[in-house]
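Asks: Dumping the structure here so I can ask a few things about it.
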Amino acid sequence: MSTLRYRIMPHSEEAPFSLPELFADLAVADICDALGRNAALPSAIKPLGVARLLGTAYTVNLPAGENLLLYYAVDNARPGDVLAVACDGYEDRAVCGEIMAALARKRGLAGFVVDGAVRDADALRAMDFPVYARAVSPNGPYKDGCGEINAPIAMGNAVIRPGDILVADGDGIVAVSRDEAESAAIQARAIRDTGLRKLKSIEKTGKLDFTWLYEKLAAGSCAIFD
């Protein structure tokens, strides 16, 4: 009996355009706070150029240093999709570079998030296309391994499912499930507005109300010595 080396699952149901757009004006930090302050992808995955990224996840699970199914993903993902590529965090062999990013950009994809390495770093930094990666390596990939498309993947402690909403900025990346999207956006917007009020208070008075701080210290039997 032959062993199945590749598994390509159906594309997730297309998200309504309005769903990712809920996060268009929101910072990743505020979204993370709305999701319990533990939802970010690993901080080692950083942008090479353009930081702002927003789209739906098209997931690719690759063995370290292999990229055959990444070609399929670029050719079959929908406009607005972000290729979320798990490579075991392997840093010493790139799975994509300028050519694949240029094709993805031309096809209307929204970006790459690679838990592994990319190459052609100077070209990627100059490109108007968001590419996040854990590392840069000039070593090219092989095309002999196995892989999986449109199945849940893990990046650090974060699980990304096909169709999740990926949002990134200079702080990092967060994945939001469709089921949580509307409530997370409402909470994140409230958190943002609270922060804006605090900034206005600082600008106007040079102070913030820290009543909560001293109440918490007192409740914790804290002694303050003058």
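Ordering of the structure tokens sets the chain letters (A, B, ...); residue numbers start at 1 within each chain; ligands are numbered from 1 in the order shown.
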Per residue of stretch 117-206 of chain A within 7 Å of stretch 80-95 of chain A, record the nearest atom pair and its distance in Å to one decimal, counting only C-alpha atoms, with rows in chain order and ascending residue number, as a tab-separated table.

Replies:
residue	atom	partner	partner_atom	distance
A:Ala117	CA	A:Ala94	CA	4.4
A:Val118	CA	A:Ala94	CA	4.2
A:Arg119	CA	A:Ala94	CA	5.7
A:Arg134	CA	A:Glu91	CA	6.9
A:Ala135	CA	A:Glu91	CA	5.4
A:Val136	CA	A:Ala94	CA	6.8
A:Ser137	CA	A:Ala94	CA	5.5
A:Pro138	CA	A:Ala94	CA	6.6
A:Asn139	CA	A:Arg93	CA	4.8
A:Gly140	CA	A:Ala94	CA	5.4
A:Pro141	CA	A:Val95	CA	5.3
A:Ile153	CA	A:Ala86	CA	6.5
A:Ala154	CA	A:Ala86	CA	6.9
A:Met155	CA	A:Ala86	CA	6.6

Asks: Next, write the just-selected residues to a file, as a short mmCIF file (atom, residue, chain, number, x, y, z; two decimals), in the first residue's frame, keeping all heavy atoms as the atom set.

Replies:
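Result written to selection29.cif:
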data_model
loop_
_atom_site.label_atom_id
_atom_site.label_comp_id
_atom_site.auth_asym_id
_atom_site.auth_seq_id
_atom_site.Cartn_x
_atom_site.Cartn_y
_atom_site.Cartn_z
N ALA A 117 12.43 30.21 7.07
CA ALA A 117 13.32 31.18 6.42
C ALA A 117 12.84 31.54 5.02
O ALA A 117 12.17 30.75 4.35
CB ALA A 117 14.74 30.63 6.35
N VAL A 118 13.21 32.75 4.60
CA VAL A 118 13.02 33.21 3.22
C VAL A 118 14.37 33.72 2.71
O VAL A 118 15.32 33.83 3.47
CB VAL A 118 11.95 34.33 3.14
CG1 VAL A 118 10.60 33.82 3.61
CG2 VAL A 118 12.37 35.56 3.96
N ARG A 119 14.43 34.03 1.42
CA ARG A 119 15.66 34.62 0.88
C ARG A 119 15.31 35.77 -0.06
O ARG A 119 14.16 36.15 -0.17
CB ARG A 119 16.51 33.56 0.19
CG ARG A 119 15.91 32.91 -1.03
CD ARG A 119 16.90 31.90 -1.58
NE ARG A 119 16.41 31.20 -2.77
CZ ARG A 119 17.13 30.33 -3.45
NH1 ARG A 119 18.37 30.04 -3.07
NH2 ARG A 119 16.63 29.73 -4.52
N ARG A 134 10.71 34.03 10.07
CA ARG A 134 11.53 33.83 11.27
C ARG A 134 13.00 34.12 11.00
O ARG A 134 13.74 34.55 11.89
CB ARG A 134 11.37 32.39 11.77
CG ARG A 134 12.13 32.06 13.04
CD ARG A 134 11.90 30.63 13.46
NE ARG A 134 10.58 30.44 14.04
CZ ARG A 134 10.32 30.59 15.34
NH1 ARG A 134 11.27 30.94 16.18
NH2 ARG A 134 9.10 30.37 15.79
N ALA A 135 13.44 33.89 9.76
CA ALA A 135 14.86 34.02 9.46
C ALA A 135 15.06 34.26 7.97
O ALA A 135 14.12 34.15 7.17
CB ALA A 135 15.61 32.74 9.88
N VAL A 136 16.29 34.60 7.62
CA VAL A 136 16.71 34.75 6.22
C VAL A 136 17.88 33.81 5.99
O VAL A 136 18.81 33.74 6.80
CB VAL A 136 17.14 36.21 5.93
CG1 VAL A 136 17.77 36.31 4.55
CG2 VAL A 136 15.95 37.15 6.03
N SER A 137 17.82 33.07 4.89
CA SER A 137 18.93 32.19 4.52
C SER A 137 19.04 32.13 3.00
O SER A 137 18.02 32.03 2.31
CB SER A 137 18.70 30.78 5.06
OG SER A 137 19.66 29.87 4.53
N PRO A 138 20.25 32.15 2.44
CA PRO A 138 20.39 32.04 0.99
C PRO A 138 20.22 30.61 0.48
O PRO A 138 20.07 30.40 -0.73
CB PRO A 138 21.82 32.53 0.75
CG PRO A 138 22.54 32.21 2.01
CD PRO A 138 21.54 32.38 3.11
N ASN A 139 20.25 29.63 1.37
CA ASN A 139 20.08 28.25 0.94
C ASN A 139 18.68 28.05 0.35
O ASN A 139 17.68 28.41 0.96
CB ASN A 139 20.25 27.28 2.11
CG ASN A 139 21.67 27.24 2.62
OD1 ASN A 139 22.60 27.41 1.85
ND2 ASN A 139 21.84 27.04 3.92
N GLY A 140 18.64 27.46 -0.84
CA GLY A 140 17.37 27.21 -1.50
C GLY A 140 16.69 25.94 -1.01
O GLY A 140 17.34 25.06 -0.43
N PRO A 141 15.37 25.81 -1.25
CA PRO A 141 14.61 24.67 -0.75
C PRO A 141 14.72 23.44 -1.65
O PRO A 141 15.09 23.53 -2.82
CB PRO A 141 13.18 25.20 -0.75
CG PRO A 141 13.17 26.17 -1.89
CD PRO A 141 14.53 26.81 -1.92
N ILE A 153 -2.48 24.54 11.48
CA ILE A 153 -1.03 24.53 11.69
C ILE A 153 -0.73 25.22 13.01
O ILE A 153 -1.55 25.98 13.54
CB ILE A 153 -0.27 25.22 10.55
CG1 ILE A 153 -0.71 26.69 10.41
CG2 ILE A 153 -0.46 24.46 9.24
CD1 ILE A 153 0.11 27.49 9.42
N ALA A 154 0.46 24.95 13.54
CA ALA A 154 0.90 25.59 14.77
C ALA A 154 2.12 26.46 14.49
O ALA A 154 3.02 26.06 13.75
CB ALA A 154 1.24 24.55 15.83
N MET A 155 2.11 27.65 15.06
CA MET A 155 3.29 28.51 15.09
C MET A 155 3.50 28.90 16.54
O MET A 155 2.74 29.71 17.09
CB MET A 155 3.09 29.74 14.21
CG MET A 155 3.00 29.45 12.73
SD MET A 155 3.06 30.95 11.72
CE MET A 155 2.79 30.27 10.08
#

Asks: Fewer than 4 positions away in the same chain doesn't count, so skip those; otherwise give me all residues within 10 Å of A:Glu180, counting only C-alpha atoms, as a list in words.

Replies: Leu35, Asp164, Ile165, Val176, Ala184 and Ala185 of chain A

Asks: Find, counting only C-alpha atoms, the residue in A:Arg125, A:Arg189, A:Arg197, A:Arg178 that gets nearest to A:Phe23.

Replies: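 Under the stated criterion, the closest residue is A:Arg189.
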
Asks: So that I can check the surroundings of stretch 24-34 of chain A, please list as a list in words every protein, DNA and RNA residue that reaches within 8 Å of it, counting only C-alpha atoms and ignoring chain neighbours fewer than 2 positions away.

Replies: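 Listed by chain and then number, they are Pro20, Glu21, Leu22, Gly36, Arg37, Asn38, Ala39, Ala40, Leu54, Val167, Ala168, Asp169, Asp171, Gly172, Ile173, Val174, Ala184, Ala185, Gln187, Ala188, Arg189, Ile191 and Arg192 of chain A.
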
Asks: When you look at A:Gly147 with a cut-off of 9 Å (counting only C-alpha atoms), what residues show up, excluding the ones that are within fewer than 6 positions of it in the same chain? I need them as an MDAnalysis selection string.

Replies: chainID A and resid 5:8 60:63 66:69

Asks: What does the structure give for the distance between atom CA of A:Gly49 and atom CA of A:Leu70, in Å to one decimal?

Replies: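 Interatomic distance here is 20.8 Å.
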
Asks: Determine, counting only C-alpha atoms, which protein, DNA and RNA residues have an atom within 10 Å of an atom of A:Tyr71; residues of the same chain fewer than 3 positions away are not included. Present the result as a list in words.

Replies: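 Selected residues are Asn67, Leu68, Val74, Asp75, Asn76, Cys96, Met100 and Ala104 of chain A.
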
Asks: Excluding same-chain residues fewer than 3 positions from A:Arg161, what lies within 9 Å of it counting only C-alpha atoms, as a PDB file with all heavy atoms, in the first residue's frame?

Replies:
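This is the output file selection.pdb:
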ATOM      1  N   ALA A  57      -6.338  33.326   6.357  1.00  0.00           N
ATOM      2  CA  ALA A  57      -5.245  32.353   6.332  1.00  0.00           C
ATOM      3  C   ALA A  57      -5.502  31.226   5.344  1.00  0.00           C
ATOM      4  O   ALA A  57      -6.558  30.578   5.361  1.00  0.00           O
ATOM      5  CB  ALA A  57      -5.037  31.777   7.724  1.00  0.00           C
ATOM      6  N   TYR A  58      -4.521  31.006   4.473  1.00  0.00           N
ATOM      7  CA  TYR A  58      -4.450  29.824   3.617  1.00  0.00           C
ATOM      8  C   TYR A  58      -3.243  29.056   4.135  1.00  0.00           C
ATOM      9  O   TYR A  58      -2.102  29.480   3.948  1.00  0.00           O
ATOM     10  CB  TYR A  58      -4.276  30.243   2.164  1.00  0.00           C
ATOM     11  CG  TYR A  58      -4.355  29.112   1.155  1.00  0.00           C
ATOM     12  CD1 TYR A  58      -5.542  28.854   0.482  1.00  0.00           C
ATOM     13  CD2 TYR A  58      -3.249  28.328   0.857  1.00  0.00           C
ATOM     14  CE1 TYR A  58      -5.619  27.839  -0.475  1.00  0.00           C
ATOM     15  CE2 TYR A  58      -3.324  27.319  -0.085  1.00  0.00           C
ATOM     16  CZ  TYR A  58      -4.509  27.069  -0.747  1.00  0.00           C
ATOM     17  OH  TYR A  58      -4.569  26.060  -1.678  1.00  0.00           O
ATOM     18  N   THR A  59      -3.480  27.953   4.818  1.00  0.00           N
ATOM     19  CA  THR A  59      -2.419  27.315   5.590  1.00  0.00           C
ATOM     20  C   THR A  59      -1.641  26.291   4.772  1.00  0.00           C
ATOM     21  O   THR A  59      -2.204  25.549   3.961  1.00  0.00           O
ATOM     22  CB  THR A  59      -2.978  26.632   6.845  1.00  0.00           C
ATOM     23  OG1 THR A  59      -3.920  25.626   6.456  1.00  0.00           O
ATOM     24  CG2 THR A  59      -3.677  27.654   7.741  1.00  0.00           C
ATOM     25  N   ASN A 150      -4.340  23.571   3.810  1.00  0.00           N
ATOM     26  CA  ASN A 150      -5.674  23.813   4.355  1.00  0.00           C
ATOM     27  C   ASN A 150      -6.026  22.863   5.485  1.00  0.00           C
ATOM     28  O   ASN A 150      -7.136  22.310   5.559  1.00  0.00           O
ATOM     29  CB  ASN A 150      -6.741  23.778   3.259  1.00  0.00           C
ATOM     30  CG  ASN A 150      -6.755  25.055   2.445  1.00  0.00           C
ATOM     31  OD1 ASN A 150      -6.515  26.135   2.966  1.00  0.00           O
ATOM     32  ND2 ASN A 150      -7.041  24.931   1.152  1.00  0.00           N
ATOM     33  N   ALA A 151      -5.064  22.706   6.391  1.00  0.00           N
ATOM     34  CA  ALA A 151      -5.273  22.010   7.654  1.00  0.00           C
ATOM     35  C   ALA A 151      -4.748  22.925   8.761  1.00  0.00           C
ATOM     36  O   ALA A 151      -3.930  23.810   8.496  1.00  0.00           O
ATOM     37  CB  ALA A 151      -4.535  20.673   7.670  1.00  0.00           C
ATOM     38  N   PRO A 152      -5.206  22.752   9.987  1.00  0.00           N
ATOM     39  CA  PRO A 152      -4.670  23.592  11.074  1.00  0.00           C
ATOM     40  C   PRO A 152      -3.165  23.427  11.203  1.00  0.00           C
ATOM     41  O   PRO A 152      -2.625  22.330  11.041  1.00  0.00           O
ATOM     42  CB  PRO A 152      -5.404  23.056  12.318  1.00  0.00           C
ATOM     43  CG  PRO A 152      -6.658  22.440  11.784  1.00  0.00           C
ATOM     44  CD  PRO A 152      -6.278  21.854  10.455  1.00  0.00           C
ATOM     45  N   ILE A 153      -2.482  24.537  11.476  1.00  0.00           N
ATOM     46  CA  ILE A 153      -1.034  24.525  11.692  1.00  0.00           C
ATOM     47  C   ILE A 153      -0.731  25.217  13.006  1.00  0.00           C
ATOM     48  O   ILE A 153      -1.546  25.983  13.541  1.00  0.00           O
ATOM     49  CB  ILE A 153      -0.274  25.218  10.546  1.00  0.00           C
ATOM     50  CG1 ILE A 153      -0.709  26.686  10.410  1.00  0.00           C
ATOM     51  CG2 ILE A 153      -0.455  24.462   9.236  1.00  0.00           C
ATOM     52  CD1 ILE A 153       0.115  27.486   9.417  1.00  0.00           C
ATOM     53  N   ALA A 154       0.458  24.954  13.536  1.00  0.00           N
ATOM     54  CA  ALA A 154       0.902  25.595  14.772  1.00  0.00           C
ATOM     55  C   ALA A 154       2.116  26.459  14.493  1.00  0.00           C
ATOM     56  O   ALA A 154       3.022  26.057  13.755  1.00  0.00           O
ATOM     57  CB  ALA A 154       1.243  24.545  15.825  1.00  0.00           C
ATOM     58  N   ASP A 164      -8.888  31.632   9.216  1.00  0.00           N
ATOM     59  CA  ASP A 164      -8.677  32.584  10.308  1.00  0.00           C
ATOM     60  C   ASP A 164      -8.248  33.933   9.736  1.00  0.00           C
ATOM     61  O   ASP A 164      -7.648  34.001   8.649  1.00  0.00           O
ATOM     62  CB  ASP A 164      -7.585  32.087  11.270  1.00  0.00           C
ATOM     63  CG  ASP A 164      -8.088  31.024  12.236  1.00  0.00           C
ATOM     64  OD1 ASP A 164      -9.290  30.702  12.195  1.00  0.00           O
ATOM     65  OD2 ASP A 164      -7.265  30.514  13.027  1.00  0.00           O
ATOM     66  N   ALA A 175      -3.713  35.839  15.084  1.00  0.00           N
ATOM     67  CA  ALA A 175      -4.720  35.102  14.317  1.00  0.00           C
ATOM     68  C   ALA A 175      -6.032  35.131  15.079  1.00  0.00           C
ATOM     69  O   ALA A 175      -6.069  34.835  16.280  1.00  0.00           O
ATOM     70  CB  ALA A 175      -4.271  33.662  14.094  1.00  0.00           C
ATOM     71  N   SER A 177      -9.994  33.724  15.017  1.00  0.00           N
ATOM     72  CA  SER A 177     -10.932  32.796  14.392  1.00  0.00           C
ATOM     73  C   SER A 177     -12.172  33.550  13.930  1.00  0.00           C
ATOM     74  O   SER A 177     -12.533  34.595  14.470  1.00  0.00           O
ATOM     75  CB  SER A 177     -11.335  31.693  15.374  1.00  0.00           C
ATOM     76  OG  SER A 177     -12.181  32.205  16.388  1.00  0.00           O
TER      77      SER A 177
END

Asks: Mind the document's chain letters and residue numbers, and return as a PyMOL selection string the residues of stretch 18-214 of chain A that DSSP labels strand (DSSP E).

Replies: chain A and resi 46-47+53-61+81-86+111-118+131-136+147-149+153-155+158-160+165-169+172-176

Asks: Do you have the atom CA of A:Arg107-atom CA of A:Tyr72 distance handy?

Replies: 13.1 Å

Asks: Per DSSP on the backbone, what are the alpha helix (DSSP H) residues of stretch 87-211 of chain A, as JSON, numbers by chain?

Replies: {"A": [98, 99, 100, 101, 102, 103, 104, 105, 106, 121, 122, 123, 124, 125, 126, 178, 179, 180, 181, 182, 183, 184, 185, 186, 187, 188, 189, 190, 191, 192, 193, 194, 195, 196, 197, 198, 199, 200, 201, 202, 203, 204, 205, 211]}

Asks: For those residues, write C-alpha atoms to a file as a PDB file, in the first residue's frame.

Replies:
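New file again.pdb:
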ATOM      1  CA  GLU A  98      11.356  37.310  -4.540  1.00  0.00           C
ATOM      2  CA  ILE A  99       9.871  35.304  -7.412  1.00  0.00           C
ATOM      3  CA  MET A 100       7.166  33.635  -5.358  1.00  0.00           C
ATOM      4  CA  ALA A 101       6.359  36.859  -3.508  1.00  0.00           C
ATOM      5  CA  ALA A 102       6.092  38.753  -6.804  1.00  0.00           C
ATOM      6  CA  LEU A 103       3.684  36.144  -8.180  1.00  0.00           C
ATOM      7  CA  ALA A 104       1.608  36.185  -4.993  1.00  0.00           C
ATOM      8  CA  ARG A 105       1.421  39.970  -5.082  1.00  0.00           C
ATOM      9  CA  LYS A 106       0.359  39.936  -8.732  1.00  0.00           C
ATOM     10  CA  ALA A 121      15.783  39.720   1.568  1.00  0.00           C
ATOM     11  CA  ASP A 122      16.791  43.025  -0.038  1.00  0.00           C
ATOM     12  CA  ALA A 123      14.219  42.586  -2.805  1.00  0.00           C
ATOM     13  CA  LEU A 124      11.502  41.582  -0.339  1.00  0.00           C
ATOM     14  CA  ARG A 125      12.207  44.640   1.814  1.00  0.00           C
ATOM     15  CA  ALA A 126      11.787  46.872  -1.242  1.00  0.00           C
ATOM     16  CA  ARG A 178     -14.018  33.676  12.398  1.00  0.00           C
ATOM     17  CA  ASP A 179     -16.252  32.777  15.324  1.00  0.00           C
ATOM     18  CA  GLU A 180     -14.481  35.335  17.519  1.00  0.00           C
ATOM     19  CA  ALA A 181     -14.000  38.017  14.872  1.00  0.00           C
ATOM     20  CA  GLU A 182     -16.956  40.295  15.565  1.00  0.00           C
ATOM     21  CA  SER A 183     -16.680  40.188  19.354  1.00  0.00           C
ATOM     22  CA  ALA A 184     -12.877  40.562  19.247  1.00  0.00           C
ATOM     23  CA  ALA A 185     -13.139  43.612  16.985  1.00  0.00           C
ATOM     24  CA  ILE A 186     -15.711  45.248  19.278  1.00  0.00           C
ATOM     25  CA  GLN A 187     -13.559  44.635  22.360  1.00  0.00           C
ATOM     26  CA  ALA A 188     -10.366  45.742  20.603  1.00  0.00           C
ATOM     27  CA  ARG A 189     -12.036  48.967  19.494  1.00  0.00           C
ATOM     28  CA  ALA A 190     -13.153  49.656  23.068  1.00  0.00           C
ATOM     29  CA  ILE A 191      -9.596  49.008  24.301  1.00  0.00           C
ATOM     30  CA  ARG A 192      -8.227  51.356  21.648  1.00  0.00           C
ATOM     31  CA  ASP A 193     -10.670  54.094  22.625  1.00  0.00           C
ATOM     32  CA  THR A 194      -9.730  53.746  26.296  1.00  0.00           C
ATOM     33  CA  GLY A 195      -6.077  54.126  25.360  1.00  0.00           C
ATOM     34  CA  LEU A 196      -6.827  57.239  23.330  1.00  0.00           C
ATOM     35  CA  ARG A 197      -8.605  58.783  26.297  1.00  0.00           C
ATOM     36  CA  LYS A 198      -5.576  58.061  28.475  1.00  0.00           C
ATOM     37  CA  LEU A 199      -3.271  59.729  25.972  1.00  0.00           C
ATOM     38  CA  LYS A 200      -5.516  62.786  25.885  1.00  0.00           C
ATOM     39  CA  SER A 201      -5.444  62.938  29.694  1.00  0.00           C
ATOM     40  CA  ILE A 202      -1.649  62.762  29.708  1.00  0.00           C
ATOM     41  CA  GLU A 203      -1.435  65.518  27.110  1.00  0.00           C
ATOM     42  CA  LYS A 204      -3.902  67.737  28.958  1.00  0.00           C
ATOM     43  CA  THR A 205      -3.019  67.148  32.626  1.00  0.00           C
ATOM     44  CA  THR A 211      -6.668  54.781  41.967  1.00  0.00           C
TER      45      THR A 211
END
